[in-house]
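S.K.: input-v6.cif (mmCIF, C-alpha atoms) pasted underneath:
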data_upload
loop_
_atom_site.label_atom_id
_atom_site.label_comp_id
_atom_site.auth_asym_id
_atom_site.auth_seq_id
_atom_site.Cartn_x
_atom_site.Cartn_y
_atom_site.Cartn_z
CA MET A 1 -13.68 16.64 19.20
CA ALA A 2 -10.49 17.49 17.36
CA GLY A 3 -7.84 15.43 15.75
CA ILE A 4 -5.21 16.76 13.39
CA GLY A 5 -7.31 19.27 11.60
CA ASN A 6 -10.90 18.91 12.70
CA LEU A 7 -10.53 21.78 15.14
CA THR A 8 -14.06 23.04 14.80
CA LEU A 9 -16.40 24.63 17.28
CA ASN A 10 -19.72 23.31 18.44
CA TYR A 11 -22.77 25.54 18.12
CA THR A 12 -22.48 26.91 21.67
CA ASP A 13 -18.91 28.00 21.00
CA LEU A 14 -19.96 29.59 17.71
CA GLU A 15 -22.66 31.57 19.46
CA GLU A 16 -20.07 32.78 21.97
CA LEU A 17 -17.77 33.70 19.10
CA ASN A 18 -20.66 35.55 17.47
CA GLN A 19 -21.24 37.53 20.67
CA THR A 20 -17.51 38.32 20.84
CA ALA A 21 -17.69 39.59 17.28
CA LEU A 22 -20.63 41.82 18.17
CA ASP A 23 -18.71 43.26 21.07
CA ASN A 24 -15.55 43.84 19.02
CA SER A 25 -15.38 43.78 15.23
CA THR A 26 -18.01 41.85 13.29
CA THR A 27 -16.59 43.12 10.02
CA SER A 28 -13.15 41.62 10.71
CA PHE A 29 -14.60 38.17 11.31
CA ILE A 30 -16.78 38.36 8.21
CA ILE A 31 -13.72 39.29 6.14
CA ALA A 32 -11.74 36.40 7.67
CA ALA A 33 -14.54 33.92 6.97
CA SER A 34 -14.90 35.23 3.42
CA PHE A 35 -11.15 34.90 2.82
CA ILE A 36 -11.17 31.29 4.03
CA LEU A 37 -14.19 30.62 1.83
CA LEU A 38 -12.34 32.08 -1.18
CA ILE A 39 -9.27 29.89 -0.54
CA SER A 40 -11.52 26.86 -0.16
CA LEU A 41 -13.26 27.56 -3.46
CA PHE A 42 -9.90 27.80 -5.27
CA GLY A 43 -8.88 24.55 -3.58
CA ILE A 44 -12.11 22.85 -4.66
CA ILE A 45 -11.48 23.87 -8.27
CA GLY A 46 -7.83 22.78 -8.19
CA ASN A 47 -8.46 19.41 -6.57
CA SER A 48 -11.43 18.76 -8.87
CA VAL A 49 -9.22 19.35 -11.91
CA VAL A 50 -6.52 17.05 -10.51
CA PHE A 51 -9.08 14.35 -9.76
CA TRP A 52 -10.56 14.61 -13.27
CA TYR A 53 -7.26 14.47 -15.14
CA LEU A 54 -5.68 11.73 -13.04
CA SER A 55 -8.85 9.62 -13.12
CA PHE A 56 -9.84 9.95 -16.78
CA LYS A 57 -7.09 11.63 -18.81
CA ILE A 58 -3.78 10.25 -17.56
CA LYS A 59 -2.66 6.63 -17.34
CA SER A 60 -3.09 5.34 -13.81
CA THR A 61 -0.03 4.40 -11.75
CA SER A 62 0.47 3.30 -8.16
CA SER A 63 1.37 6.89 -7.23
CA THR A 64 -1.59 8.53 -9.00
CA ILE A 65 -3.95 6.28 -7.04
CA TYR A 66 -2.65 7.84 -3.82
CA ILE A 67 -2.85 11.35 -5.29
CA ILE A 68 -6.45 10.76 -6.46
CA ASN A 69 -7.45 9.68 -2.95
CA LEU A 70 -5.60 12.66 -1.48
CA ALA A 71 -7.53 14.97 -3.82
CA VAL A 72 -10.81 13.34 -2.72
CA ALA A 73 -9.94 13.84 0.97
CA ASP A 74 -9.03 17.49 0.36
CA LEU A 75 -12.21 18.02 -1.67
CA ILE A 76 -14.37 16.63 1.13
CA TYR A 77 -12.75 18.90 3.68
CA LEU A 78 -12.87 22.02 1.52
CA ILE A 79 -16.51 21.52 0.57
CA PHE A 80 -17.62 21.19 4.16
CA VAL A 81 -15.39 23.95 5.50
CA SER A 82 -17.02 26.16 2.86
CA ILE A 83 -20.38 25.20 4.35
CA VAL A 84 -19.12 26.09 7.83
CA MET A 85 -17.87 29.47 6.62
CA CYS A 86 -21.18 30.20 4.89
CA ILE A 87 -23.04 29.37 8.11
CA THR A 88 -20.62 31.52 10.11
CA ILE A 89 -21.04 34.51 7.78
CA SER A 90 -24.81 34.06 7.92
CA LEU A 91 -24.76 34.08 11.74
CA PHE A 92 -22.66 37.25 11.79
CA VAL A 93 -24.72 39.09 9.17
CA LYS A 94 -28.27 37.97 9.93
CA GLN A 95 -27.80 37.20 13.64
CA GLU A 96 -30.02 34.16 13.19
CA GLY A 97 -29.49 30.57 14.30
CA ILE A 98 -29.98 27.38 12.31
CA THR A 99 -32.33 24.46 12.74
CA ASN A 100 -30.89 21.65 14.91
CA PRO A 101 -27.53 23.44 15.29
CA LEU A 102 -25.84 20.84 17.52
CA GLN A 103 -26.59 18.00 15.11
CA VAL A 104 -25.48 20.04 12.09
CA PHE A 105 -22.12 21.07 13.55
CA PHE A 106 -21.47 17.64 15.02
CA ALA A 107 -22.07 16.03 11.61
CA LEU A 108 -19.76 18.57 9.96
CA GLU A 109 -17.06 17.84 12.53
CA ILE A 110 -17.20 14.10 11.84
CA ILE A 111 -17.03 14.52 8.06
CA MET A 112 -14.16 17.02 8.18
CA GLY A 113 -12.35 14.87 10.73
CA LEU A 114 -12.60 11.87 8.41
CA ALA A 115 -11.17 13.90 5.52
CA ASN A 116 -8.28 15.22 7.60
CA TYR A 117 -7.27 11.85 9.01
CA ALA A 118 -7.43 10.31 5.52
CA ASP A 119 -5.30 13.21 4.25
CA MET A 120 -2.64 12.54 6.87
CA PHE A 121 -2.59 8.76 6.43
CA ILE A 122 -2.41 9.02 2.62
CA ARG A 123 0.60 11.36 2.83
CA LEU A 124 2.18 8.97 5.30
CA ALA A 125 1.54 5.95 3.09
CA ILE A 126 2.87 7.45 -0.13
CA SER A 127 6.03 8.74 1.54
CA LEU A 128 6.71 5.35 3.13
CA GLU A 129 6.02 3.43 -0.07
CA ARG A 130 8.22 5.69 -2.19
CA CYS A 131 10.98 5.46 0.40
CA ILE A 132 10.81 1.65 0.28
CA VAL A 133 10.68 1.58 -3.52
CA VAL A 134 13.71 3.87 -3.84
CA HIS A 135 15.94 1.94 -1.44
CA TYR A 136 14.52 -1.57 -1.61
CA PRO A 137 13.09 -1.92 -5.11
CA ILE A 138 10.75 -4.89 -5.51
CA ARG A 139 10.23 -5.93 -9.09
CA CYS A 140 6.57 -6.84 -9.43
CA SER A 141 4.02 -6.46 -12.18
CA TYR A 142 2.62 -3.03 -12.96
CA LYS A 143 -0.91 -4.27 -12.31
CA ARG A 144 0.03 -5.66 -8.89
CA GLN A 145 1.51 -2.30 -7.90
CA LYS A 146 -1.77 -0.54 -8.64
CA VAL A 147 -3.81 -3.21 -6.84
CA ARG A 148 -1.55 -2.84 -3.82
CA SER A 149 -1.98 0.94 -3.77
CA THR A 150 -5.76 0.57 -4.11
CA LEU A 151 -5.92 -1.84 -1.18
CA VAL A 152 -3.78 0.46 0.95
CA CYS A 153 -6.11 3.40 0.19
CA VAL A 154 -9.17 1.32 1.11
CA LEU A 155 -7.47 0.41 4.39
CA ILE A 156 -6.60 4.05 5.01
CA TRP A 157 -10.22 5.17 4.63
CA GLY A 158 -11.34 2.39 6.96
CA VAL A 159 -8.79 3.37 9.62
CA SER A 160 -9.70 7.04 9.19
CA ILE A 161 -13.35 6.27 9.87
CA LEU A 162 -12.44 4.42 13.08
CA VAL A 163 -10.11 7.16 14.32
CA THR A 164 -12.71 9.83 13.54
CA LEU A 165 -15.37 7.97 15.52
CA VAL A 166 -12.99 7.55 18.45
CA ASP A 167 -12.16 11.26 18.26
CA ASN A 168 -15.71 12.63 18.11
CA LEU A 169 -17.64 10.02 20.08
CA GLY A 170 -14.91 9.37 22.65
CA CYS A 171 -14.44 13.06 23.40
CA PRO A 172 -17.70 14.94 22.65
CA PRO A 173 -17.88 18.73 23.16
CA GLU A 174 -19.54 18.47 26.56
CA LEU A 175 -16.58 16.49 27.95
CA PHE A 176 -13.82 18.46 26.26
CA GLY A 177 -14.11 21.51 28.50
CA ILE A 178 -14.06 19.60 31.81
CA ILE A 179 -11.02 17.36 31.09
CA ALA A 180 -12.94 14.15 31.63
CA GLU A 181 -10.92 10.94 32.06
CA ARG A 182 -12.32 9.40 28.85
CA CYS A 183 -11.62 12.56 26.92
CA THR A 184 -8.07 12.72 28.26
CA ALA A 185 -7.41 9.17 27.07
CA VAL A 186 -8.66 10.09 23.59
CA GLN A 187 -6.51 13.23 23.43
CA ILE A 188 -3.42 11.30 24.52
CA PHE A 189 -4.10 8.63 21.89
CA LEU A 190 -4.55 11.23 19.13
CA SER A 191 -1.48 13.21 20.18
CA VAL A 192 0.68 10.09 20.17
CA LEU A 193 -0.73 9.04 16.80
CA VAL A 194 -0.07 12.43 15.21
CA LEU A 195 2.95 13.88 17.02
CA LEU A 196 4.93 10.77 17.98
CA VAL A 197 4.09 8.34 15.18
CA SER A 198 2.89 9.95 11.95
CA ILE A 199 4.95 13.16 11.94
CA PRO A 200 8.32 11.53 12.83
CA ILE A 201 7.78 8.87 10.14
CA MET A 202 6.96 11.58 7.59
CA LEU A 203 10.04 13.58 8.57
CA ILE A 204 12.40 10.61 8.41
CA SER A 205 11.04 9.29 5.11
CA SER A 206 11.13 12.78 3.58
CA LEU A 207 14.75 13.24 4.63
CA ILE A 208 15.67 9.88 3.11
CA LEU A 209 13.87 10.75 -0.11
CA LEU A 210 15.60 14.12 -0.34
CA LEU A 211 18.98 12.49 0.09
CA SER A 212 18.12 10.01 -2.64
CA THR A 213 17.50 12.83 -5.15
CA ARG A 214 21.21 13.70 -4.99
CA ARG A 215 21.95 10.43 -6.79
CA THR A 216 19.45 10.99 -9.62
CA SER A 217 18.86 13.62 -12.27
CA MET A 218 16.27 16.30 -11.51
CA LYS A 219 14.73 15.52 -14.90
CA SER A 220 13.89 11.95 -13.97
CA GLN A 221 10.38 10.86 -13.05
CA SER A 222 11.45 9.50 -9.66
CA SER A 223 12.96 12.87 -8.66
CA ARG A 224 9.84 14.79 -9.68
CA LEU A 225 7.63 12.44 -7.70
CA ILE A 226 9.92 12.70 -4.66
CA ILE A 227 9.77 16.51 -4.82
CA ILE A 228 5.96 16.37 -4.94
CA ILE A 229 5.78 14.01 -1.95
CA VAL A 230 8.25 16.01 0.16
CA ALA A 231 6.57 19.33 -0.72
CA THR A 232 3.09 18.12 0.24
CA ILE A 233 4.40 16.70 3.52
CA PHE A 234 6.28 19.94 4.23
CA VAL A 235 3.08 21.95 3.76
CA PHE A 236 1.22 19.53 6.04
CA LEU A 237 3.82 19.83 8.79
CA LEU A 238 3.86 23.62 8.61
CA SER A 239 0.09 24.03 8.62
CA VAL A 240 -1.58 21.20 10.51
CA ALA A 241 1.02 19.95 13.01
CA PRO A 242 1.26 23.21 15.02
CA MET A 243 -2.54 23.27 15.30
CA ARG A 244 -2.50 19.88 16.98
CA VAL A 245 0.01 21.13 19.56
CA LEU A 246 -2.08 24.26 20.09
CA TRP A 247 -5.25 22.21 20.46
CA LEU A 248 -3.64 19.92 23.06
CA SER A 249 -2.44 22.98 25.00
CA LEU A 250 -5.97 24.34 24.93
CA TYR A 251 -7.40 21.06 26.22
CA LEU A 252 -4.89 20.96 29.08
CA GLN A 253 -5.92 24.55 29.89
CA LEU A 254 -2.42 25.87 29.31
CA LEU A 255 -3.98 28.67 27.30
CA PRO A 256 -6.63 31.15 28.46
CA SER A 257 -10.18 30.22 27.49
CA SER A 258 -10.55 33.49 25.60
CA PHE A 259 -7.83 32.26 23.21
CA PHE A 260 -10.38 29.85 21.75
CA ALA A 261 -12.50 32.61 20.29
CA GLY A 262 -11.90 34.81 17.32
CA ALA A 263 -8.36 34.56 16.01
CA PHE A 264 -7.86 30.90 16.93
CA PHE A 265 -11.10 29.81 15.29
CA PHE A 266 -10.26 31.42 11.95
CA THR A 267 -6.54 30.64 12.07
CA VAL A 268 -7.28 26.93 12.37
CA TYR A 269 -9.58 26.94 9.36
CA LEU A 270 -7.21 29.13 7.37
CA VAL A 271 -4.10 26.97 7.73
CA ILE A 272 -5.96 23.71 7.13
CA SER A 273 -7.73 25.14 4.08
CA ILE A 274 -4.35 26.21 2.70
CA ASN A 275 -2.99 22.71 3.39
CA SER A 276 -5.87 21.16 1.42
CA SER A 277 -5.76 23.71 -1.41
CA VAL A 278 -2.07 24.02 -2.25
CA ASN A 279 -1.37 20.50 -3.57
CA PRO A 280 -2.65 21.09 -7.16
CA PHE A 281 -0.30 24.06 -7.49
CA ILE A 282 2.62 21.92 -6.28
CA TYR A 283 1.85 19.30 -8.93
CA TYR A 284 1.66 21.96 -11.61
CA LEU A 285 4.90 23.71 -10.64
CA VAL A 286 6.85 20.46 -10.40
CA GLY A 287 5.40 19.22 -13.69
CA ARG A 288 6.52 22.42 -15.42
CA HIS A 289 10.10 21.99 -14.19
CA ASN A 290 12.63 22.97 -16.90
CA MET A 291 9.91 24.09 -19.36
CA LYS A 292 11.68 27.35 -20.11
CA GLY A 293 9.58 30.04 -21.71
CA ILE A 294 6.72 27.69 -22.54
CA LYS A 295 3.33 28.01 -20.89
CA LYS A 296 1.94 24.50 -20.59
CA CYS A 297 -1.57 23.51 -19.66
CA LEU A 298 -2.30 21.66 -16.45
CA GLU A 299 -2.82 18.36 -18.23
CA THR A 300 0.69 18.43 -19.70
CA ALA A 301 2.20 19.38 -16.35
CA LEU A 302 0.37 16.57 -14.58
CA LYS A 303 1.49 14.09 -17.22
CA LYS A 304 5.11 15.09 -16.63
CA ALA A 305 4.70 15.03 -12.85
CA PHE A 306 2.98 11.63 -12.78
CA ARG A 307 4.39 10.00 -15.89
CA ASP A 308 4.27 6.23 -16.27
CA GLU A 309 6.69 4.99 -13.59
CA GLU A 310 7.04 1.61 -15.20
CA GLY A 311 8.13 3.19 -18.45
CA ASP A 312 10.64 5.35 -16.62
CA ASP A 313 12.07 2.37 -14.80
CA GLN A 314 12.31 0.45 -18.04
CA GLY A 315 14.07 3.40 -19.63
CA GLU A 316 16.60 3.48 -16.81
CA GLU A 317 17.17 -0.26 -17.10
CA ALA A 318 17.57 0.00 -20.88
CA SER A 319 20.11 2.79 -20.41
CA LYS A 320 22.07 0.66 -17.93
CA ASP A 321 22.00 -2.31 -20.31
CA HIS A 322 23.23 -0.10 -23.14
CA GLU A 323 26.12 1.15 -21.01
CA MET A 324 27.05 -2.41 -20.05
CA GLU A 325 27.05 -3.43 -23.72
CA ASN A 326 29.32 -0.51 -24.63
CA THR A 327 31.69 -1.39 -21.79
CA THR A 328 31.83 -5.02 -22.85
CA TYR A 329 32.43 -4.07 -26.51
CA SER A 330 35.28 -1.75 -25.46
CA GLU A 331 36.93 -4.48 -23.40
CA ILE A 332 36.72 -6.95 -26.32
CA SER A 333 38.18 -4.40 -28.69
#
Now that the file is in, can you turn its structure into structure tokens?
M.R.:
Amino acid sequence: MAGIGNLTLNYTDLEELNQTALDNSTTSFIIAASFILLISLFGIIGNSVVFWYLSFKIKSTSSTIYIINLAVADLIYLIFVSIVMCITISLFVKQEGITNPLQVFFALEIIMGLANYADMFIRLAISLERCIVVHYPIRCSYKRQKVRSTLVCVLIWGVSILVTLVDNLGCPPELFGIIAERCTAVQIFLSVLVLLVSIPIMLISSLILLLSTRRTSMKSQSSRLIIIIVATIFVFLLSVAPMRVLWLSLYLQLLPSSFFAGAFFFTVYLVISINSSVNPFIYYLVGRHNMKGIKKCLETALKKAFRDEEGDDQGEEASKDHEMENTTYSEIS
């Protein structure tokens, strides 16, 4: 039922939450849902702009292919969480149900789960690839680099689909509350995948990348890209990772059942919506680095943040060759 971020409620739980709201403060929940909806709308706009510019306005690189797919994953999640919030607000305001509620919420869970798993795997892939490129550079053609990134993204979406199906079909809502053996196996698998595999790899690769920036200028393309990767992973770890721990504790009944209602429901959606919405602002801020007193448009910032890596590498190589020539000339003189 829940993986890293697909911590949604089925229709029965939502009805219980609605009743809780009636007994306590309906207005507070409507405000919370509206706030999440507002964040999601900003995130949809930001990720749409990033997708448009990186797809049609800026020269494609191996890194921008990952960022485009990350924007698509975030867009999918934000669009459907907006739908969930609209339904939630409607239930609170009108006190009316929806047609085929179980099927609707189950479908939303699967789609949002797919987007969240793809989001995690894409962040993992780009951090690993950049870490390898920085420390074990492999000189291959520019075209081959982009083809490799495309194939990795296709593989990521395929794996995300499989993990999402295992998550939602292996542990459906009716089994989650009774700690069924099959559901326990699924939760253990997901917890190991997220907490013991993906997160440690992200942390280690991010630390290595941060250490590598000490050897390069902050104005270089590689440093900007490293800052973007580390920042997006940092946001992911702060927002989504604790929710997975909380969700596992809930499944193991280490938390009171009442904890599931109200605050937990909206907190989960809030932190994951922030995680999916903040990336465009990170790209913009990093792209504007050292632009003192000049207000640049998003396109210019994105071009600086995701500038042609091949050209940057060639520039660095040309600079090294020039230094070697000067050294040789000095020795001859």
S.K.: Evaluate the PyMOL selection byres ((chain A and resi 130) around 12) here and jot the selected residues down as a count of residues only.
M.R.: 37
S.K.: Name all residues at most 12 Å from A:Val163 (count all atoms listed in the file; drop same-chain ones fewer than 4 positions away) and give them as a ChimeraX atom specification.
M.R.: /A:1-4,6,110-111,113-118,120-121,156-159,167-171,186-187,189-190,193-194
S.K.: Looking at only C-alpha atoms, which of A:Leu302, A:Ile31, A:Val154, A:Ile282 is the one that sits closest to A:Ile122?
M.R.: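 Of A:Leu302, A:Ile31, A:Val154, A:Ile282, the one nearest A:Ile122 is A:Val154, counting only C-alpha atoms.
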S.K.: Take the PyMOL selection byres ((chain A and resi 39) around 12), apply it to the structure above, and return the hits as a ChimeraX atom specification.
M.R.: /A:32-38,40-46,78-79,81-82,85,269-278
S.K.: Quick one, how far is atom CA of A:Asp74 from atom CA of A:Val235?
M.R.: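 Distance between the two atoms: 13.3 Å.
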S.K.: Have a look at A:Leu250, A:Asp119, A:Phe29, A:Ser60 and name the one nearest to A:Ser198; count only C-alpha atoms.
M.R.: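 Looking at the shortest contact to A:Ser198, the residue is A:Asp119.
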S.K.: Select, from A:Pro172, A:Pro280, A:Pro242, A:Pro200, the residue with the minimum atom-to-atom distance to A:Trp52, counting all atoms listed in the file.
M.R.: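 Of A:Pro172, A:Pro280, A:Pro242, A:Pro200, the one nearest A:Trp52 is A:Pro280, counting all atoms listed in the file.
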S.K.: Rank A:Ser239, A:Ser249, A:Asn47, A:Thr26 by their smallest atom-to-atom distance to A:Ser90, using all atoms listed in the file, and report the top residue only.
M.R.: A:Thr26
S.K.: Can you work out the spacing between atom CA of A:Ile58 and atom CA of A:Lys146 in Å, to one decimal?
M.R.: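 Atom-to-atom, atom CA of A:Ile58 to atom CA of A:Lys146, that is 14.1 Å.
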S.K.: What is the distance between atom CA of A:Asn69 and atom CA of A:Thr150, in Å to one decimal?
M.R.: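 Between atom CA of A:Asn69 and atom CA of A:Thr150 the gap is 9.3 Å.
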S.K.: Compare A:Phe266, A:Phe51, A:Tyr283, A:Tyr251 by their minimum atom-to-atom distance to A:Thr232, counting all atoms listed in the file, and give me the closest one.
M.R.: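 That would be A:Tyr283, the residue with the smallest distance to A:Thr232.
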S.K.: Counting all atoms listed in the file, which of A:Val50, A:Val84, A:Leu246, A:Val286 gets nearest to A:Thr64?
M.R.: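 Answer, going by the shortest atom-to-atom distance: A:Val50.
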